[in-house]
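Content type CSV, C-alpha atoms, from the file start-v3.csv:
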chain,number,residue,atom,x,y,z
A,1,MET,CA,114.5,62.5,58.3
A,2,SER,CA,117.7,60.6,59.2
A,3,ARG,CA,117.9,58.3,62.2
A,4,GLU,CA,120.5,60.6,63.7
A,5,ALA,CA,118.0,63.4,63.7
A,6,THR,CA,115.6,61.4,65.9
A,7,SER,CA,118.2,59.9,68.1
A,8,ASN,CA,117.6,62.4,70.9
A,9,LEU,CA,113.8,61.6,70.9
A,10,ASP,CA,112.2,58.7,72.9
A,11,ILE,CA,110.2,56.6,70.5
A,12,ALA,CA,107.8,54.0,71.7
A,13,VAL,CA,106.2,51.4,69.4
A,14,LEU,CA,102.9,50.2,70.7
A,15,LEU,CA,101.4,46.9,69.5
A,16,PRO,CA,98.0,45.8,70.9
A,17,CYS,CA,97.6,42.1,70.4
A,18,TYR,CA,95.1,39.3,70.8
A,19,ASN,CA,96.0,35.8,69.5
A,20,GLU,CA,98.7,37.0,67.0
A,21,ALA,CA,101.3,34.3,67.7
A,22,ALA,CA,101.6,33.5,64.0
A,23,THR,CA,102.9,37.1,63.2
A,24,ILE,CA,104.0,39.0,66.3
A,25,GLY,CA,107.5,37.7,66.4
A,26,ASP,CA,108.2,38.9,62.8
A,27,VAL,CA,106.5,42.2,63.5
A,28,VAL,CA,108.6,42.9,66.5
A,29,ALA,CA,111.8,42.0,64.7
A,30,ASP,CA,110.9,44.2,61.8
A,31,PHE,CA,110.2,47.2,64.0
A,32,ARG,CA,113.5,46.6,65.8
A,33,THR,CA,115.2,46.8,62.4
A,34,ALA,CA,113.3,49.8,61.2
A,35,LEU,CA,113.6,51.8,64.4
A,36,PRO,CA,116.7,50.5,66.2
A,37,GLY,CA,116.5,53.1,69.0
A,38,ALA,CA,112.8,52.6,69.8
A,39,LYS,CA,111.3,50.7,72.7
A,40,ILE,CA,108.8,48.1,71.6
A,41,TYR,CA,105.8,47.3,73.8
A,42,VAL,CA,103.4,44.5,73.2
A,43,TYR,CA,100.2,44.6,75.2
A,44,ASP,CA,98.7,41.2,75.3
A,45,ASN,CA,94.9,41.2,75.6
A,46,ASN,CA,94.3,37.7,77.1
A,47,SER,CA,95.8,35.7,74.2
A,48,THR,CA,95.7,31.9,74.4
A,49,ASP,CA,98.1,31.0,71.6
A,50,GLY,CA,101.5,32.0,73.0
A,51,THR,CA,101.5,35.6,71.7
A,52,ALA,CA,103.1,37.0,74.8
A,53,LEU,CA,106.0,34.4,74.7
A,54,LYS,CA,106.7,35.0,71.0
A,55,ALA,CA,106.8,38.8,71.6
A,56,MET,CA,109.1,38.4,74.6
A,57,LEU,CA,111.5,36.2,72.7
A,58,ALA,CA,111.6,38.7,69.8
A,59,GLY,CA,112.7,41.4,72.3
A,60,ALA,CA,109.6,43.3,73.1
A,61,THR,CA,108.4,44.5,76.5
A,62,VAL,CA,105.2,42.5,77.2
A,63,VAL,CA,102.4,43.8,79.4
A,64,ARG,CA,99.1,42.0,79.9
A,65,GLU,CA,95.7,43.9,79.8
A,66,ARG,CA,92.9,41.8,81.2
A,67,ARG,CA,90.0,43.9,80.1
A,68,GLN,CA,89.0,42.5,76.7
A,69,GLY,CA,88.9,45.0,73.8
A,70,LYS,CA,91.3,47.2,71.9
A,71,GLY,CA,90.1,50.4,73.4
A,72,HIS,CA,91.0,49.1,76.9
A,73,VAL,CA,94.5,48.2,75.6
A,74,VAL,CA,95.1,51.6,74.0
A,75,ARG,CA,93.9,53.4,77.1
A,76,ARG,CA,96.3,51.4,79.2
A,77,MET,CA,99.2,51.9,76.8
A,78,PHE,CA,98.7,55.7,76.7
A,79,CYS,CA,98.6,55.8,80.5
A,80,ASP,CA,101.6,53.6,81.1
A,81,ILE,CA,104.2,54.8,78.6
A,82,ASP,CA,106.0,58.1,78.5
A,83,ALA,CA,107.8,59.0,75.2
A,84,ASP,CA,108.2,61.9,72.8
A,85,ILE,CA,106.8,59.9,69.8
A,86,TYR,CA,104.4,57.0,69.8
A,87,VAL,CA,103.9,54.7,66.8
A,88,MET,CA,100.9,52.4,67.0
A,89,ALA,CA,100.3,49.4,64.7
A,90,ASP,CA,98.6,46.0,64.8
A,91,GLY,CA,100.4,42.8,65.5
A,92,ASP,CA,98.9,40.9,62.5
A,93,GLY,CA,101.6,41.9,60.0
A,94,THR,CA,99.3,43.9,57.7
A,95,TYR,CA,101.2,47.1,58.3
A,96,GLY,CA,104.8,47.5,57.2
A,97,PRO,CA,107.2,48.3,60.0
A,98,ALA,CA,109.5,49.9,57.4
A,99,ASP,CA,106.9,52.7,56.9
A,100,ALA,CA,107.3,53.7,60.6
A,101,GLU,CA,110.2,56.0,59.8
A,102,GLU,CA,108.1,57.8,57.2
A,103,LEU,CA,105.3,58.3,59.7
A,104,ILE,CA,107.8,59.8,62.2
A,105,ARG,CA,109.4,62.0,59.6
A,106,THR,CA,106.0,63.4,58.6
A,107,LEU,CA,105.1,63.9,62.3
A,108,ILE,CA,108.2,66.0,62.9
A,109,THR,CA,108.5,67.9,59.6
A,110,GLU,CA,104.8,68.8,59.5
A,111,ARG,CA,104.7,69.6,63.3
A,112,ALA,CA,101.7,67.4,63.5
A,113,ASP,CA,100.2,65.7,66.6
A,114,MET,CA,98.9,62.7,64.7
A,115,VAL,CA,99.9,61.1,61.4
A,116,VAL,CA,97.6,58.4,60.0
A,117,GLY,CA,98.8,55.8,57.6
A,118,THR,CA,95.9,55.4,55.2
A,119,ARG,CA,95.6,52.0,53.7
A,120,ARG,CA,96.3,51.6,50.1
A,121,GLY,CA,94.4,48.6,48.7
A,122,VAL,CA,92.3,48.1,51.9
A,123,HIS,CA,89.3,47.2,49.7
A,124,ASP,CA,91.3,44.3,48.3
A,125,ASP,CA,92.1,42.8,51.6
A,126,ALA,CA,91.5,39.1,52.2
A,127,GLY,CA,88.8,40.1,54.5
A,128,ARG,CA,85.1,39.9,53.4
A,129,GLN,CA,83.6,42.5,51.1
A,130,GLY,CA,81.4,43.6,54.1
A,131,HIS,CA,84.6,45.1,55.7
A,132,ALA,CA,85.4,47.1,52.6
A,133,PHE,CA,81.8,48.4,52.3
A,134,GLY,CA,81.7,49.3,56.0
A,135,ASN,CA,85.0,51.1,55.7
A,136,ARG,CA,83.7,53.3,52.8
A,137,LEU,CA,80.4,53.9,54.7
A,138,PHE,CA,82.0,54.9,57.9
A,139,ASN,CA,84.5,57.3,56.2
A,140,GLN,CA,81.7,59.0,54.3
A,141,LEU,CA,79.6,59.3,57.5
A,142,TYR,CA,82.5,60.7,59.4
A,143,ARG,CA,83.1,63.4,56.8
A,144,MET,CA,79.4,64.3,57.0
A,145,LEU,CA,79.3,64.5,60.8
A,146,PHE,CA,82.8,65.7,61.9
A,147,GLY,CA,84.6,67.2,58.9
A,148,ASN,CA,87.1,66.4,56.2
A,149,ASP,CA,90.2,65.9,58.2
A,150,PHE,CA,90.5,62.1,57.5
A,151,THR,CA,89.9,59.7,54.6
A,152,ASP,CA,90.6,56.5,56.6
A,153,ILE,CA,89.4,56.8,60.1
A,154,LEU,CA,89.7,53.1,60.8
A,155,SER,CA,93.4,52.7,60.1
A,156,GLY,CA,95.4,51.3,63.0
A,157,TYR,CA,98.8,52.5,61.8
A,158,ARG,CA,99.4,55.9,63.4
A,159,ALA,CA,102.1,58.1,64.9
A,160,PHE,CA,101.4,60.5,67.8
A,161,SER,CA,103.1,63.3,69.7
A,162,ARG,CA,103.2,63.2,73.4
A,163,ARG,CA,100.8,66.1,73.8
A,164,TYR,CA,98.2,64.2,71.8
A,165,VAL,CA,98.5,60.9,73.8
A,166,LYS,CA,98.4,62.7,77.2
A,167,SER,CA,95.4,64.8,76.2
A,168,PHE,CA,93.3,61.9,74.7
A,169,PRO,CA,90.6,60.7,77.1
A,170,ALA,CA,90.1,57.2,75.5
A,171,VAL,CA,86.7,56.1,76.7
A,172,SER,CA,86.1,53.4,74.0
A,173,ALA,CA,86.3,49.7,74.8
A,174,GLY,CA,86.8,48.0,71.4
A,175,PHE,CA,87.7,48.6,67.8
A,176,GLU,CA,85.9,51.9,67.7
A,177,ILE,CA,88.9,53.5,69.5
A,178,GLU,CA,90.2,54.6,66.1
A,179,THR,CA,87.0,56.6,65.5
A,180,GLU,CA,87.4,58.3,68.9
A,181,MET,CA,91.0,59.2,68.1
A,182,SER,CA,89.9,60.9,64.9
A,183,VAL,CA,87.1,62.8,66.6
A,184,HIS,CA,89.4,64.0,69.3
A,185,ALA,CA,91.7,65.5,66.7
A,186,SER,CA,88.9,67.1,64.8
A,187,ARG,CA,87.2,68.4,67.9
A,188,LEU,CA,90.3,70.2,69.2
A,189,LYS,CA,91.4,71.3,65.7
A,190,LEU,CA,94.8,69.5,66.2
A,191,PRO,CA,97.3,69.5,63.4
A,192,VAL,CA,97.1,66.1,61.6
A,193,CYS,CA,98.4,64.5,58.4
A,194,GLU,CA,97.7,61.4,56.3
A,195,ILE,CA,100.1,59.5,54.2
A,196,GLU,CA,99.1,56.6,52.0
A,197,LEU,CA,100.9,53.3,52.8
A,198,ASP,CA,100.6,49.7,51.5
A,199,TYR,CA,98.3,47.5,53.3
A,200,GLY,CA,99.2,43.8,53.3
A,201,ARG,CA,97.2,40.6,53.7
A,202,ARG,CA,97.3,38.4,56.8
A,203,PRO,CA,99.7,35.4,56.4
A,204,GLU,CA,98.5,31.9,56.5
A,205,GLY,CA,97.3,30.8,59.9
A,206,SER,CA,96.4,34.3,61.1
A,207,HIS,CA,92.7,35.3,61.3
A,208,SER,CA,90.9,38.6,61.6
A,209,LYS,CA,89.1,39.3,64.9
A,210,LEU,CA,86.7,41.7,63.3
A,211,SER,CA,83.0,40.9,63.1
A,212,THR,CA,81.3,42.7,60.2
A,213,PHE,CA,78.0,43.3,61.9
A,214,LYS,CA,78.9,43.3,65.6
A,215,ASP,CA,81.8,45.6,65.3
A,216,GLY,CA,80.1,47.7,62.7
A,217,PHE,CA,77.2,48.3,65.0
A,218,LYS,CA,79.6,49.3,67.8
A,219,ILE,CA,81.2,51.8,65.5
A,220,LEU,CA,77.9,53.3,64.5
A,221,TRP,CA,76.9,53.5,68.2
A,222,MET,CA,80.2,55.3,68.9
A,223,PHE,CA,79.4,57.8,66.0
A,224,ALA,CA,76.1,58.6,67.7
A,225,MET,CA,77.6,58.9,71.2
A,226,LEU,CA,80.5,61.1,70.0
A,227,MET,CA,78.1,63.3,68.0
A,228,LYS,CA,76.0,63.7,71.2
A,229,GLU,CA,79.0,64.6,73.2
A,230,THR,CA,80.8,66.9,70.7
A,231,ARG,CA,77.9,68.2,68.6
A,232,PRO,CA,74.9,68.2,70.9
A,233,PHE,CA,73.2,71.1,69.1
A,234,ALA,CA,73.1,69.0,65.8
A,235,PHE,CA,72.2,65.8,67.6
A,236,PHE,CA,69.3,67.1,69.7
A,237,GLY,CA,68.4,69.5,67.0
A,238,LEU,CA,67.7,66.6,64.7
A,239,ILE,CA,65.6,64.9,67.4
A,240,ALA,CA,63.7,68.2,67.9
A,241,GLY,CA,63.1,68.5,64.2
A,242,GLY,CA,61.8,64.9,63.9
A,243,LEU,CA,59.4,65.3,66.8
A,244,MET,CA,58.1,68.6,65.4
A,245,GLY,CA,57.6,67.0,62.0
A,246,VAL,CA,55.6,64.1,63.5
A,247,SER,CA,53.6,66.6,65.6
A,248,LEU,CA,52.7,68.7,62.6
A,249,GLY,CA,51.6,65.5,60.8
A,250,PHE,CA,49.2,64.7,63.6
A,251,MET,CA,48.1,68.3,64.0
A,252,ALA,CA,47.3,69.1,60.3
A,253,PRO,CA,44.1,67.1,59.9
A,254,VAL,CA,42.8,68.3,63.3
A,255,LEU,CA,43.4,71.9,62.4
A,256,TYR,CA,41.8,71.5,59.0
A,257,GLU,CA,38.7,70.0,60.6
A,258,PHE,CA,38.6,72.9,63.2
A,259,PHE,CA,38.8,75.6,60.6
A,260,THR,CA,36.2,74.1,58.3
A,261,THR,CA,33.7,72.9,60.9
A,262,GLY,CA,34.6,74.6,64.1
A,263,LEU,CA,34.8,71.2,65.9
A,264,VAL,CA,37.6,69.0,67.2
A,265,SER,CA,36.4,65.4,67.0
A,266,ARG,CA,39.8,63.8,67.4
A,267,MET,CA,40.9,65.1,70.8
A,268,PRO,CA,43.4,62.2,71.5
A,269,THR,CA,45.2,63.0,68.3
A,270,TRP,CA,45.4,66.7,69.2
A,271,ILE,CA,46.7,65.9,72.7
A,272,ALA,CA,49.3,63.6,71.2
A,273,ALA,CA,50.3,66.4,68.8
A,274,MET,CA,50.7,68.9,71.6
A,275,ALA,CA,52.7,66.4,73.6
A,276,LEU,CA,55.1,65.9,70.7
A,277,THR,CA,55.4,69.6,70.3
A,278,MET,CA,56.4,70.1,73.9
A,279,MET,CA,58.9,67.2,73.6
A,280,SER,CA,60.3,69.0,70.5
A,281,PHE,CA,60.7,72.3,72.4
A,282,LEU,CA,62.4,70.4,75.3
A,283,SER,CA,64.8,68.7,73.0
A,284,PHE,CA,65.7,72.1,71.3
A,285,THR,CA,66.3,73.6,74.8
A,286,ALA,CA,68.6,70.8,75.7
A,287,ALA,CA,70.4,71.3,72.4
A,288,LEU,CA,71.1,75.0,73.3
A,289,ILE,CA,72.2,74.2,76.9
A,290,LEU,CA,74.4,71.2,76.0
A,291,ASP,CA,76.0,73.0,73.1
A,292,SER,CA,77.4,75.6,75.6
A,293,VAL,CA,78.5,72.7,77.9
A,294,ALA,CA,80.3,71.0,75.0
A,295,ARG,CA,82.1,74.2,74.0
A,296,SER,CA,83.3,74.6,77.6
A,297,ARG,CA,84.6,71.0,77.7
A,298,ALA,CA,86.4,71.5,74.4
A,299,GLU,CA,88.0,74.7,75.7
A,300,GLN,CA,89.2,72.8,78.9
A,301,LEU,CA,90.6,70.0,76.8
A,302,ARG,CA,92.3,72.5,74.6
A,303,ILE,CA,93.8,74.3,77.5
A,304,HIS,CA,95.1,71.0,79.0
A,305,TYR,CA,96.6,70.2,75.6
A,306,LEU,CA,98.4,73.5,75.4
A,307,THR,CA,100.0,72.9,78.8
A,308,LEU,CA,101.9,69.9,77.4
A,309,PRO,CA,105.2,70.5,75.6
A,310,ALA,CA,105.3,70.4,71.8
A,311,LEU,CA,107.3,67.7,70.1
A,312,GLY,CA,111.0,68.1,70.6
A,313,THR,CA,110.7,70.9,73.2
A,314,GLY,CA,110.2,68.9,76.4
A,315,LYS,CA,113.9,68.0,76.9
A,316,VAL,CA,115.1,71.4,75.8
A,317,ARG,CA,112.8,73.0,78.4
A,318,ALA,CA,113.9,70.5,81.1
A,319,ASP,CA,117.6,71.2,80.4
A,320,ALA,CA,116.9,75.0,80.5
A,321,ALA,CA,115.1,74.7,83.8
A,322,SER,CA,117.9,72.6,85.2
A,323,ALA,CA,120.5,75.2,84.0
A,324,VAL,CA,118.5,77.9,85.8
A,325,GLU,CA,117.8,75.9,88.9
A,326,LYS,CA,121.4,74.8,89.5
A,327,PRO,CA,122.9,78.3,90.0
A,328,ARG,CA,119.9,79.2,92.1
A,329,ARG,CA,120.5,76.2,94.4
A,330,GLU,CA,124.2,77.1,94.7
A,331,ARG,CA,123.4,80.7,95.6
A,332,SER,CA,120.8,79.6,98.2
A,333,SER,CA,123.3,77.1,99.7
A,334,LYS,CA,126.0,79.8,100.0
A,335,GLY,CA,123.8,82.7,101.1
A,336,PRO,CA,122.8,81.5,104.6
A,337,ALA,CA,126.4,80.7,105.6
A,338,LYS,CA,127.6,84.1,104.5
A,339,GLY,CA,124.8,85.9,106.2
A,340,GLY,CA,125.3,83.8,109.3
A,341,SER,CA,129.0,84.8,109.6
A,342,SER,CA,128.1,88.5,109.2
A,343,ARG,CA,125.6,88.4,112.0
A,344,ALA,CA,128.1,86.6,114.2
A,345,ALA,CA,130.6,89.3,113.6

Would you encode the structure as structure tokens?
Amino acid sequence: MSREATSNLDIAVLLPCYNEAATIGDVVADFRTALPGAKIYVYDNNSTDGTALKAMLAGATVVRERRQGKGHVVRRMFCDIDADIYVMADGDGTYGPADAEELIRTLITERADMVVGTRRGVHDDAGRQGHAFGNRLFNQLYRMLFGNDFTDILSGYRAFSRRYVKSFPAVSAGFEIETEMSVHASRLKLPVCEIELDYGRRPEGSHSKLSTFKDGFKILWMFAMLMKETRPFAFFGLIAGGLMGVSLGFMAPVLYEFFTTGLVSRMPTWIAAMALTMMSFLSFTAALILDSVARSRAEQLRIHYLTLPALGTGKVRADAASAVEKPRRERSSKGPAKGGSSRAA
């Protein structure tokens, strides 16, 4: 896709940053070279090393987000900025700005709402082996819970259409925002694509903000919350099955004793088994009810998504509406004068 073909589209490059002064200047400059017509926004998340100044000097529009966490930054960016195409990357220089044109080309030619740049060589990153292991674990877990739409759910290099950005609720606070983005696309069955891109190493003086265990736990917690919200029947069904299993474990020896001797000597055990059985039934009932609620919410999200113009059609529709409205305004402005003169006559 040539640059002339996208010249009529508004493209926004979004760079969430926290203490990336060592790299942000070069990243902004490289994006300006790769996408000359794009507007580049750097959202500074309380940096203390001069990130905002470096980004501003490189030619980016800098906005400060005071709530700490990447999720807060992404939510603010998606609310603030109107564009036809959004390209989101990190400010640490690990993603190649030259690949942005390929992401955009794929978004347009495949008529997708999100294109994910999967990271080639992510397991060889200078980061710890715990990051690589966690990346494989989370991707496998995602495929088990939400489907096979993605192979790298934690990639931060993505291109979006406007209808995706403006329909994405963005409730996450931190690095788990990428997981939420993937689940949103899978939940609404949005058209998505993946392309494999090179993943670089951080330059000297730049340090990762990820914590293997802390952020890993947050992502696991987000998996659980998203499963509860989007697949409540499976979530509460598993709880119901576990409670019933424990209940049967307590119940079996009591029933065996009753059928062999006609007595129940362990009454507390039997009461506990009955209580667990009732909890299992309640959990299963909640699963049935919440599954209907989740389907209704997904339908509402889908309807809102469909009200937004598809990529490349917004300006065309606006021009068409303007072309229709202009003659209508002219007729309405001439009509009363003509009618008025006739009545006067």

Rank nothing, just name the residue among A:Gly117, A:Leu238, A:Leu220, A:Phe168 nearest to A:Leu137, using all atoms listed in the file.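 Result for the nearest residue to A:Leu137: A:Leu220.
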
Could you give me, as JSON lines, a per-residue list for stretch 100-200 of chain A showing, wherever an atom lies at most 9 Å from an atom of stretch 289-311 of chain A, the closest pair of atoms and their distance in Å to one decimal, using all atoms listed in the file and sorting by chain then residue number from low to high?
{"residue": "A:Leu107", "atom": "CA", "partner": "A:Leu311", "partner_atom": "CA", "distance": 9.0}
{"residue": "A:Ile108", "atom": "CA", "partner": "A:Leu311", "partner_atom": "CA", "distance": 7.5}
{"residue": "A:Arg111", "atom": "CA", "partner": "A:Leu311", "partner_atom": "CA", "distance": 7.5}
{"residue": "A:Ala112", "atom": "CA", "partner": "A:Leu311", "partner_atom": "CA", "distance": 8.7}
{"residue": "A:Asp113", "atom": "CA", "partner": "A:Leu311", "partner_atom": "CA", "distance": 8.2}
{"residue": "A:Ser161", "atom": "CA", "partner": "A:Leu311", "partner_atom": "CA", "distance": 6.1}
{"residue": "A:Arg162", "atom": "CA", "partner": "A:Leu311", "partner_atom": "CA", "distance": 6.9}
{"residue": "A:Arg163", "atom": "CA", "partner": "A:Leu308", "partner_atom": "CA", "distance": 5.3}
{"residue": "A:Tyr164", "atom": "CA", "partner": "A:Tyr305", "partner_atom": "CA", "distance": 7.3}
{"residue": "A:Lys166", "atom": "CA", "partner": "A:Tyr305", "partner_atom": "CA", "distance": 7.9}
{"residue": "A:Ser167", "atom": "CA", "partner": "A:Tyr305", "partner_atom": "CA", "distance": 5.6}
{"residue": "A:Phe168", "atom": "CA", "partner": "A:Leu301", "partner_atom": "CA", "distance": 8.8}
{"residue": "A:Arg187", "atom": "CA", "partner": "A:Ala298", "partner_atom": "CA", "distance": 7.2}
{"residue": "A:Leu188", "atom": "CA", "partner": "A:Arg302", "partner_atom": "CA", "distance": 6.2}

Keeping C-alpha atoms for every residue in the selection just given, could you write it to a file as a PDB file, in the frame of the given file?
ATOM      1  CA  LEU A 107     105.100  63.900  62.300  1.00  0.00           C
ATOM      2  CA  ILE A 108     108.200  66.000  62.900  1.00  0.00           C
ATOM      3  CA  ARG A 111     104.700  69.600  63.300  1.00  0.00           C
ATOM      4  CA  ALA A 112     101.700  67.400  63.500  1.00  0.00           C
ATOM      5  CA  ASP A 113     100.200  65.700  66.600  1.00  0.00           C
ATOM      6  CA  SER A 161     103.100  63.300  69.700  1.00  0.00           C
ATOM      7  CA  ARG A 162     103.200  63.200  73.400  1.00  0.00           C
ATOM      8  CA  ARG A 163     100.800  66.100  73.800  1.00  0.00           C
ATOM      9  CA  TYR A 164      98.200  64.200  71.800  1.00  0.00           C
ATOM     10  CA  LYS A 166      98.400  62.700  77.200  1.00  0.00           C
ATOM     11  CA  SER A 167      95.400  64.800  76.200  1.00  0.00           C
ATOM     12  CA  PHE A 168      93.300  61.900  74.700  1.00  0.00           C
ATOM     13  CA  ARG A 187      87.200  68.400  67.900  1.00  0.00           C
ATOM     14  CA  LEU A 188      90.300  70.200  69.200  1.00  0.00           C
TER      15      LEU A 188
END

Using only C-alpha atoms, determine which residues lie at most 8 Å from A:Asp10, disregarding the query and same-chain residues fewer than 3 positions distant; provide the list as a list in words. Ser7, Ala38, Ala83, Asp84 and Ile85 of chain A

What is the atom CA of A:Pro97 to atom CA of A:Asp198 distance in Å?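 Separation between atom CA of A:Pro97 and atom CA of A:Asp198: 10.9 Å.
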
Distance criterion (all atoms listed in the file): nearest to A:Val27 out of A:Leu53, A:Ala98, A:Met77, A:Val171: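 Among the listed residues, the smallest separation from A:Val27 belongs to A:Ala98.
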
Using atom CA of A:Ala89 and atom CA of A:Leu15 as the two end points, give the distance in Å to one decimal.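 If I compute the distance from atom CA of A:Ala89 to atom CA of A:Leu15, I get 5.5 Å.
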
For a quick check of understanding, using only C-alpha atoms, which of A:Arg105, A:Gly91, A:Ala55, A:Arg231 has the smallest distance to A:Gly147? A:Arg231

Closest of A:Lys54, A:Ile81, A:Val183, A:Leu197 to A:Asp99, counting only C-alpha atoms, is A:Leu197

Would you work out the distance separating atom CA of A:Ser172 from atom CA of A:Met222, expressed in Å to one decimal? 8.0 Å
